[in-house]
Amino acid sequence: MVKLSVVGIFADLDESAIADVERHVNRKTFSAGAQIIEPESDSSDVYLILSGRVRIVNYSLSGREITLEEIGAGGCVGQLSAIDGEPRSACVIAVDDTNVGILSPANFEKVVKSHPSVAWNVIGELARIVRNSTRRIVDVSTLGANERVVAEILRRASNVCDGSGCALLSPVPVHSEVAGRVSTSRETVARVMSTLGRRQLVTKVDGGLMVPDVRRLEEFLSESIH
């Protein structure tokens with residue numbers, strides 16, 4: 001059984017404190033593709049991702065799916081509704097077979113109040129959500145669709161860039177998933193990726209997509225914006 005210590009908000013707890021939290025947690029497994037949280041639902045449980053991966057999505061007025069974030073083992077979702085009691089603001093779907101620990105709103109409150117380090121880590125997680133949301137708003141407000149695709153690839157490459165300035169994105173980013181992340185179409189993503197390939201800014205290799213020079217990709221984006 002996966003220990004709750006894998007969850008980031010519990011990182012500072014000792015074994016005794018983890019055991020205390022465990023008493024409040026119910027465990028459940030969702031198969032890949034299953035909907036874990038429905039948008040606008042009144043449920044307020046917090047889901048602790050013990051293994052697997054989930055995707056947080058919302059939908060435009062036209063019904064297009066917009067990916068807000070993907071969260072793997074160690075993350076948690078649902079804390080906003082547990083805190084303010086408001087309906088869910090997004091949908092959460094299991095990308096892989098996913099094991100979760102579930103805290104009811106009342107038990108989430110007990111855990112947060114009983115363990116100050118958990119409260120501080122939850123605050124840090126909320127700050128991260130705000131920063132990510134702000135970045136997305138700025139991107140949508142200031143960048144065209146093509147530039148948003150390049151910016152997304154650049155962000156991913158920057159996160160895994162090695163000392164030589166090279167980055168391997170593994171597996172190869174799925175066009176539909178990138179499109180959902182930057183609020184555009186799969187066709188636009190395909191067109192931009194083709195352009196990046198012709199300019200040798202990205203190259204498909206065994207096991208992923210290679211960005212041979214992250215700085216060159218950054219310069220390309222800057223030139224595109226200006």
# chains A, B, ... in the order shown; residues from 1 in each chain; ligands from 1
$ residues_around --residues "Lys110 of chain A" --least-positions-apart "5" --cutoff "9 Å" --atoms "only C-alpha atoms" --output "list in words"
His24, Pro105 and His115 of chain A
$ write_last_selection --atoms "N, CA, C and O atoms" --output "PDB file, in the first residue's frame"
ATOM      1  N   HIS A  24      -8.095   9.294   8.861  1.00  0.00           N
ATOM      2  CA  HIS A  24      -9.164  10.114   8.279  1.00  0.00           C
ATOM      3  C   HIS A  24      -9.341   9.877   6.775  1.00  0.00           C
ATOM      4  O   HIS A  24     -10.213  10.492   6.157  1.00  0.00           O
ATOM      5  N   PRO A 105     -14.367  17.099   3.603  1.00  0.00           N
ATOM      6  CA  PRO A 105     -14.069  18.477   4.013  1.00  0.00           C
ATOM      7  C   PRO A 105     -13.818  18.598   5.514  1.00  0.00           C
ATOM      8  O   PRO A 105     -12.891  19.297   5.940  1.00  0.00           O
ATOM      9  N   HIS A 115      -2.127  19.903  12.143  1.00  0.00           N
ATOM     10  CA  HIS A 115      -0.734  19.842  11.687  1.00  0.00           C
ATOM     11  C   HIS A 115      -0.393  21.137  10.937  1.00  0.00           C
ATOM     12  O   HIS A 115      -0.672  21.251   9.737  1.00  0.00           O
TER      13      HIS A 115
END
$ select_by_dssp --residues "chain A" --states "alpha helix (DSSP H)" --output "PyMOL selection string"
chain A and resi 15-22+79-84+105-114+116-142+145-159+175-182+186-198+214-225
$ closest_atom_pairs --of "segment 96-154 of chain A" --to "segment 76-80 of chain A" --cutoff "12 Å" --atoms "only C-alpha atoms" --output "Markdown table"
| residue | atom | partner | partner_atom | distance |
| --- | --- | --- | --- | --- |
| A:Asn99 | CA | A:Cys76 | CA | 11.6 |
| A:Val100 | CA | A:Cys76 | CA | 8.9 |
| A:Gly101 | CA | A:Cys76 | CA | 9.2 |
| A:Ile102 | CA | A:Cys76 | CA | 9.7 |
| A:Leu103 | CA | A:Gln79 | CA | 9.6 |
| A:Ser104 | CA | A:Gln79 | CA | 10.1 |
| A:Pro105 | CA | A:Gln79 | CA | 8.5 |
| A:Ala106 | CA | A:Gln79 | CA | 11.7 |
| A:Asn107 | CA | A:Gln79 | CA | 11.8 |
| A:Phe108 | CA | A:Gln79 | CA | 8.5 |
| A:Glu109 | CA | A:Gln79 | CA | 10.1 |
| A:Val112 | CA | A:Gln79 | CA | 11.1 |
| A:Ala119 | CA | A:Gln79 | CA | 11.4 |
| A:Asn121 | CA | A:Cys76 | CA | 11.3 |
| A:Val122 | CA | A:Gln79 | CA | 8.3 |
| A:Ile123 | CA | A:Gln79 | CA | 10.4 |
| A:Glu125 | CA | A:Cys76 | CA | 9.0 |
| A:Leu126 | CA | A:Leu80 | CA | 8.3 |
| A:Ala127 | CA | A:Leu80 | CA | 11.8 |
| A:Ile129 | CA | A:Leu80 | CA | 10.2 |
| A:Val130 | CA | A:Leu80 | CA | 11.6 |
$ residues_around --residues "segment 137-148 of chain A" --least-positions-apart "2" --cutoff "12 Å" --atoms "only C-alpha atoms" --output "ChimeraX atom specification"
/A:68,130-135,150-155,178-196,217-226
$ write_last_selection --atoms "N, CA and C atoms" --output "tab-separated table (two decimals), in the first residue's frame"
chain	number	residue	atom	x	y	z
A	68	LEU	N	-6.18	22.48	-17.85
A	68	LEU	CA	-5.59	23.44	-16.92
A	68	LEU	C	-4.27	22.92	-16.36
A	130	VAL	N	-2.46	29.98	-8.12
A	130	VAL	CA	-2.68	31.38	-8.51
A	130	VAL	C	-1.63	31.82	-9.53
A	131	ARG	N	-0.38	31.47	-9.30
A	131	ARG	CA	0.68	31.85	-10.23
A	131	ARG	C	0.46	31.23	-11.61
A	132	ASN	N	0.11	29.95	-11.63
A	132	ASN	CA	-0.15	29.29	-12.91
A	132	ASN	C	-1.33	29.91	-13.64
A	133	SER	N	-2.38	30.24	-12.90
A	133	SER	CA	-3.56	30.87	-13.50
A	133	SER	C	-3.21	32.24	-14.06
A	134	THR	N	-2.41	32.99	-13.33
A	134	THR	CA	-1.98	34.31	-13.80
A	134	THR	C	-1.18	34.20	-15.08
A	135	ARG	N	-0.27	33.22	-15.12
A	135	ARG	CA	0.53	33.03	-16.33
A	135	ARG	C	-0.34	32.70	-17.53
A	150	VAL	N	4.42	27.59	-28.93
A	150	VAL	CA	5.87	27.65	-28.75
A	150	VAL	C	6.22	27.87	-27.28
A	151	ALA	N	5.48	28.77	-26.62
A	151	ALA	CA	5.73	29.05	-25.20
A	151	ALA	C	5.54	27.81	-24.34
A	152	GLU	N	4.54	27.00	-24.68
A	152	GLU	CA	4.28	25.78	-23.91
A	152	GLU	C	5.43	24.78	-24.08
A	153	ILE	N	5.91	24.61	-25.32
A	153	ILE	CA	7.05	23.71	-25.57
A	153	ILE	C	8.28	24.25	-24.86
A	154	LEU	N	8.47	25.56	-24.89
A	154	LEU	CA	9.62	26.16	-24.22
A	154	LEU	C	9.56	25.94	-22.71
A	155	ARG	N	8.38	26.08	-22.12
A	155	ARG	CA	8.25	25.86	-20.68
A	155	ARG	C	8.61	24.43	-20.32
A	178	VAL	N	-1.49	19.38	-25.86
A	178	VAL	CA	-0.90	20.72	-25.93
A	178	VAL	C	-1.95	21.74	-26.33
A	179	ALA	N	-2.80	21.37	-27.28
A	179	ALA	CA	-3.87	22.27	-27.72
A	179	ALA	C	-4.78	22.64	-26.56
A	180	GLY	N	-5.12	21.65	-25.74
A	180	GLY	CA	-5.96	21.91	-24.58
A	180	GLY	C	-5.28	22.82	-23.58
A	181	ARG	N	-3.97	22.68	-23.43
A	181	ARG	CA	-3.22	23.48	-22.48
A	181	ARG	C	-3.19	24.96	-22.87
A	182	VAL	N	-3.13	25.24	-24.18
A	182	VAL	CA	-2.94	26.63	-24.62
A	182	VAL	C	-4.17	27.19	-25.34
A	183	SER	N	-5.29	26.49	-25.23
A	183	SER	CA	-6.56	26.99	-25.78
A	183	SER	C	-6.49	27.25	-27.27
A	184	THR	N	-6.10	26.22	-28.02
A	184	THR	CA	-6.10	26.34	-29.47
A	184	THR	C	-6.49	24.98	-30.06
A	185	SER	N	-6.32	24.82	-31.36
A	185	SER	CA	-6.73	23.58	-32.02
A	185	SER	C	-5.54	22.65	-32.24
A	186	ARG	N	-5.83	21.36	-32.43
A	186	ARG	CA	-4.77	20.41	-32.73
A	186	ARG	C	-4.08	20.75	-34.05
A	187	GLU	N	-4.87	21.28	-34.98
A	187	GLU	CA	-4.28	21.65	-36.28
A	187	GLU	C	-3.23	22.75	-36.12
A	188	THR	N	-3.52	23.71	-35.23
A	188	THR	CA	-2.55	24.78	-34.99
A	188	THR	C	-1.28	24.22	-34.38
A	189	VAL	N	-1.44	23.31	-33.41
A	189	VAL	CA	-0.27	22.69	-32.78
A	189	VAL	C	0.55	21.94	-33.83
A	190	ALA	N	-0.11	21.17	-34.67
A	190	ALA	CA	0.59	20.40	-35.69
A	190	ALA	C	1.36	21.33	-36.63
A	191	ARG	N	0.75	22.45	-37.00
A	191	ARG	CA	1.39	23.40	-37.91
A	191	ARG	C	2.63	24.03	-37.26
A	192	VAL	N	2.50	24.40	-36.00
A	192	VAL	CA	3.63	25.02	-35.30
A	192	VAL	C	4.75	24.01	-35.11
A	193	MET	N	4.42	22.78	-34.73
A	193	MET	CA	5.44	21.78	-34.52
A	193	MET	C	6.18	21.47	-35.82
A	194	SER	N	5.45	21.50	-36.92
A	194	SER	CA	6.09	21.29	-38.23
A	194	SER	C	7.09	22.41	-38.52
A	195	THR	N	6.70	23.64	-38.21
A	195	THR	CA	7.59	24.79	-38.41
A	195	THR	C	8.84	24.66	-37.53
A	196	LEU	N	8.65	24.27	-36.27
A	196	LEU	CA	9.79	24.11	-35.37
A	196	LEU	C	10.72	23.00	-35.87
A	217	LEU	N	15.30	28.26	-29.01
A	217	LEU	CA	13.84	28.22	-29.02
A	217	LEU	C	13.28	29.47	-28.33
A	218	GLU	N	13.91	29.87	-27.26
A	218	GLU	CA	13.48	31.09	-26.56
A	218	GLU	C	13.65	32.32	-27.45
A	219	GLU	N	14.74	32.38	-28.18
A	219	GLU	CA	14.98	33.50	-29.10
A	219	GLU	C	13.95	33.50	-30.22
A	220	PHE	N	13.61	32.32	-30.70
A	220	PHE	CA	12.58	32.21	-31.76
A	220	PHE	C	11.25	32.75	-31.27
A	221	LEU	N	10.88	32.39	-30.04
A	221	LEU	CA	9.63	32.89	-29.49
A	221	LEU	C	9.67	34.41	-29.33
A	222	SER	N	10.77	34.93	-28.84
A	222	SER	CA	10.89	36.38	-28.67
A	222	SER	C	10.78	37.12	-29.99
A	223	GLU	N	11.41	36.56	-31.03
A	223	GLU	CA	11.32	37.18	-32.37
A	223	GLU	C	9.90	37.11	-32.91
A	224	SER	N	9.21	36.01	-32.63
A	224	SER	CA	7.84	35.84	-33.11
A	224	SER	C	6.90	36.86	-32.48
A	225	ILE	N	7.13	37.13	-31.19
A	225	ILE	CA	6.28	38.08	-30.47
A	225	ILE	C	6.49	39.49	-30.98
A	226	HIS	N	7.73	39.81	-31.27
A	226	HIS	CA	8.05	41.18	-31.71
A	226	HIS	C	7.94	41.33	-33.23
$ residues_around --residues "Ser5 of chain A" --least-positions-apart "2" --cutoff "12 Å" --atoms "only C-alpha atoms" --output "short mmCIF file (atom, residue, chain, number, x, y, z; two decimals) with C-alpha atoms, in the first residue's frame"
data_model
loop_
_atom_site.label_atom_id
_atom_site.label_comp_id
_atom_site.auth_asym_id
_atom_site.auth_seq_id
_atom_site.Cartn_x
_atom_site.Cartn_y
_atom_site.Cartn_z
CA MET A 1 0.00 0.00 0.00
CA VAL A 2 1.32 3.42 -1.00
CA LYS A 3 2.13 5.55 2.03
CA VAL A 7 1.76 13.43 -0.91
CA GLY A 8 3.52 16.78 -0.99
CA ILE A 9 1.38 18.54 1.61
CA PHE A 10 2.37 15.81 4.13
CA ALA A 11 6.09 15.99 3.36
CA ASP A 12 7.04 17.43 6.76
CA LEU A 13 5.06 14.97 8.89
CA ASP A 14 6.73 12.22 10.93
CA GLU A 15 5.43 8.64 10.98
CA SER A 16 3.20 9.28 13.97
CA ALA A 17 1.54 12.26 12.30
CA ILE A 18 1.13 10.31 9.04
CA ALA A 19 -0.59 7.55 10.98
CA ASP A 20 -2.94 10.15 12.48
CA VAL A 21 -3.82 11.47 9.01
CA GLU A 22 -4.32 7.94 7.69
CA LEU A 48 -4.67 12.85 -2.65
CA ILE A 49 -2.92 11.36 -5.69
CA LEU A 50 -1.03 8.30 -4.41
CA ALA A 73 1.61 11.10 -7.65
CA GLY A 74 2.19 13.38 -4.69
CA GLY A 75 -0.27 16.05 -5.73
CA GLY A 101 -6.75 8.94 -0.78
CA VAL A 118 0.20 20.78 6.33
#
$ decode --residues "segment 59-75 of chain A" --atoms "N, CA and C atoms" --output "mmCIF file, in the first residue's frame"
data_model
loop_
_atom_site.group_PDB
_atom_site.id
_atom_site.type_symbol
_atom_site.label_atom_id
_atom_site.label_comp_id
_atom_site.auth_asym_id
_atom_site.auth_seq_id
_atom_site.Cartn_x
_atom_site.Cartn_y
_atom_site.Cartn_z
ATOM 1 N N TYR A 59 -14.218 23.621 -19.708
ATOM 2 C CA TYR A 59 -14.792 23.624 -21.046
ATOM 3 C C TYR A 59 -15.214 25.036 -21.438
ATOM 4 N N SER A 60 -14.903 25.387 -22.698
ATOM 5 C CA SER A 60 -15.318 26.683 -23.215
ATOM 6 C C SER A 60 -16.813 26.665 -23.516
ATOM 7 N N LEU A 61 -17.373 27.820 -23.831
ATOM 8 C CA LEU A 61 -18.794 27.892 -24.154
ATOM 9 C C LEU A 61 -19.139 27.038 -25.373
ATOM 10 N N SER A 62 -18.165 26.861 -26.255
ATOM 11 C CA SER A 62 -18.396 26.040 -27.448
ATOM 12 C C SER A 62 -18.235 24.556 -27.160
ATOM 13 N N GLY A 63 -17.817 24.221 -25.928
ATOM 14 C CA GLY A 63 -17.657 22.824 -25.557
ATOM 15 C C GLY A 63 -16.257 22.285 -25.719
ATOM 16 N N ARG A 64 -15.310 23.133 -26.145
ATOM 17 C CA ARG A 64 -13.937 22.653 -26.322
ATOM 18 C C ARG A 64 -13.276 22.437 -24.971
ATOM 19 N N GLU A 65 -12.588 21.315 -24.851
ATOM 20 C CA GLU A 65 -11.911 20.980 -23.596
ATOM 21 C C GLU A 65 -10.631 21.785 -23.457
ATOM 22 N N ILE A 66 -10.440 22.393 -22.305
ATOM 23 C CA ILE A 66 -9.247 23.169 -22.016
ATOM 24 C C ILE A 66 -8.532 22.524 -20.839
ATOM 25 N N THR A 67 -7.314 22.072 -21.063
ATOM 26 C CA THR A 67 -6.540 21.447 -20.001
ATOM 27 C C THR A 67 -5.898 22.515 -19.130
ATOM 28 N N LEU A 68 -6.179 22.477 -17.846
ATOM 29 C CA LEU A 68 -5.585 23.436 -16.919
ATOM 30 C C LEU A 68 -4.266 22.919 -16.359
ATOM 31 N N GLU A 69 -4.219 21.623 -16.085
ATOM 32 C CA GLU A 69 -3.005 21.064 -15.479
ATOM 33 C C GLU A 69 -3.105 19.558 -15.444
ATOM 34 N N GLU A 70 -1.949 18.900 -15.422
ATOM 35 C CA GLU A 70 -1.884 17.470 -15.132
ATOM 36 C C GLU A 70 -1.102 17.293 -13.841
ATOM 37 N N ILE A 71 -1.600 16.443 -12.960
ATOM 38 C CA ILE A 71 -0.990 16.253 -11.650
ATOM 39 C C ILE A 71 -0.730 14.767 -11.431
ATOM 40 N N GLY A 72 0.484 14.440 -11.036
ATOM 41 C CA GLY A 72 0.865 13.057 -10.799
ATOM 42 C C GLY A 72 0.894 12.718 -9.331
ATOM 43 N N ALA A 73 1.518 11.573 -9.031
ATOM 44 C CA ALA A 73 1.606 11.103 -7.647
ATOM 45 C C ALA A 73 2.256 12.162 -6.765
ATOM 46 N N GLY A 74 1.666 12.385 -5.613
ATOM 47 C CA GLY A 74 2.187 13.377 -4.685
ATOM 48 C C GLY A 74 1.379 14.654 -4.659
ATOM 49 N N GLY A 75 0.548 14.846 -5.680
ATOM 50 C CA GLY A 75 -0.274 16.051 -5.734
ATOM 51 C C GLY A 75 -1.619 15.846 -5.058
#
